[in-house]
Amino acid sequence: MTDRRPLLRALYDAAVAAAHPSTILAPHLRPAPKGRVICLAAGKGAAAMAAAAERHYLDTLGLAPDSIVGIATTRHGYGVPTRRIRVVEAGHPVPDEAGLKGAADTLALAGEAGPDDLLLVLLTGGGSANWIAPVDGISFAQKQAVNKALLRSGAPIGEMNVVRKHLSRIKGGRLARAGQNAAGIVTLAISDVPHDDPSAIASGPTVPDPTTLADARAIVAKYKLAIDDAVARALDNPANESCKPGDAAFARATFQLIARPKQSLDAAVKLAKDAGYETIDLGADLEGEAREVAADHARLALAARAQGKRVAILSGGELTVTVRGNGRGGPNQEYALALASLLKDTPDIAALAGDTDGADGGAGHPTDPAGALIDAATFARMKALGLQPQAYLDNNDATSFFEATGDLLQPGPTLTNVNDVRVILVD
């Protein structure tokens, strides 16, 4: 039987490469200003984007070193060497003190921008957790607790960010407000959100926010989140409303997407076609409970197999997990585990589910898995070890299951983030 793992990994790598800052950022950078380039970056690709910006301005354009300054706040383990832009490694998915300090320094540096300076804001997914600046009256610990509750609730990322924006001094357009004295604010972003909504990427620090405090309160109620009284008061305080269209903060601000999930999924689709597969492209914006989406995709795979088709089923988006157990895992691993449970008697189907940032849930370490692979070898090890996938699903413990079978996907930090890539190959 042909081993499909090299092809699965190549499909994943193609998706990542299509969104890597080292190749996609430079064509979108603006001419040098009269004053300084002040680079403020956040997210899992922040350091890589900052390094690419340095190469462009210092090497390609030949600017003097003191003409570029900045801070790039990224996930622990996602730093890269830079010359002028300071890299801060901070907590994700749960914020930490380093992110708190990085956000405070970022706001201060934005406030120093003068009328000759370009404020260059570089964003990738993960920026919401990396830039942590609680509103007045909310402690850092209380903000951490809200993040943890949101992560366990099963809320999609868009709803999580609505709450985050209204408890922050940097999100929801507030960074633009801090830097509005600059000659211009240019935001270049790599999208990690379904439908590429600018106000959702890193919680929209430089764009108007269409959501309201009332929306945030409704999400807290919808998921029955246990929040501190101080957080509830903050969500009732009109002073914490985010920046809306027409705010003076956006008078000289522009926003541009330089990579989005669709182009990464398209790269994987093309490679699957080149490998001789008929492709079923389910789109780059899928949302939903990971195990339920897996059940839908398993039905598609089994139907294709019954019809004798050689098919690659590909999808992107960002799935969620409603945590009910005490195990370890993330949406991609849970999706793969649900597939393993449903497809265990079909040896000619192989699959991969992985987050393009290199980390799927986890504890915030660079070694966290990005997802998992399954194929006939997985099914054989399940049987030999007496593993029951449903028991692991019940405990949300996909990581332990795939540690036992040896099927974790562990690419390490990829330095970008365009959501998930899922592939099922039917031979």
# chains A, B, ... in the order shown; residues from 1 in each chain; ligands from 1
call {"tool": "closest_atom_pairs", "arguments": {"of": "range 52-154 of chain A", "to": "range 167-172 of chain A", "cutoff": "6 Å", "atoms": "only C-alpha atoms", "output": "JSON lines"}}
result
{"residue": "A:Ala133", "atom": "CA", "partner": "A:Ser168", "partner_atom": "CA", "distance": 5.3}
{"residue": "A:Pro134", "atom": "CA", "partner": "A:Ser168", "partner_atom": "CA", "distance": 4.7}
{"residue": "A:Val135", "atom": "CA", "partner": "A:Ser168", "partner_atom": "CA", "distance": 5.1}
call {"tool": "write_last_selection", "arguments": {"atoms": "N, CA and C atoms", "output": "compact mmCIF listing (two decimals), in the first residue's frame"}}
result
# COMPACT_ATOMS: atom_id res chain seq x y z
N ALA A 133 -3.46 44.47 26.93
CA ALA A 133 -3.45 45.79 27.58
C ALA A 133 -4.81 46.02 28.21
N PRO A 134 -5.04 45.50 29.41
CA PRO A 134 -6.37 45.60 30.02
C PRO A 134 -6.83 47.03 30.24
N VAL A 135 -8.13 47.26 30.09
CA VAL A 135 -8.69 48.58 30.36
C VAL A 135 -8.58 48.89 31.85
call {"tool": "select_by_dssp", "arguments": {"residues": "range 4-149 of chain A", "states": "alpha helix (DSSP H)", "output": "number ranges by chain"}}
result
A: 5-17, 21-24, 46-54, 97-111, 127-130, 140-149
call {"tool": "closest_residue", "arguments": {"among": "A:Asp274, A:Glu403, A:Asp281, A:Asp360", "to": "Gly330 in chain A", "atoms": "only C-alpha atoms"}}
result
A:Asp360
call {"tool": "atom_distance", "arguments": {"atom1": "CA of Leu175 in chain A", "atom2": "CA of Leu319 in chain A"}}
result
28.5 Å
call {"tool": "residues_around", "arguments": {"residues": "range 201-211 of chain A", "least_positions_apart": "5", "cutoff": "6 Å", "atoms": "only C-alpha atoms", "output": "number ranges by chain"}}
result
A: 125, 127-128, 161, 170-176, 243-245
call {"tool": "closest_residue", "arguments": {"among": "A:Leu352, A:Leu337, A:Ala51, A:Val418", "to": "Ala17 in chain A", "atoms": "only C-alpha atoms"}}
result
A:Val418
call {"tool": "residues_around", "arguments": {"residues": "range 256-267 of chain A", "least_positions_apart": "5", "cutoff": "6 Å", "atoms": "only C-alpha atoms", "output": "MDAnalysis selection string"}}
result
chainID A and resid 14:15 18:19 188:191 284 418
call {"tool": "closest_residue", "arguments": {"among": "A:Ala234, A:Ile313, A:Ala272, A:Ala47", "to": "Ala353 in chain A", "atoms": "only C-alpha atoms"}}
result
A:Ile313
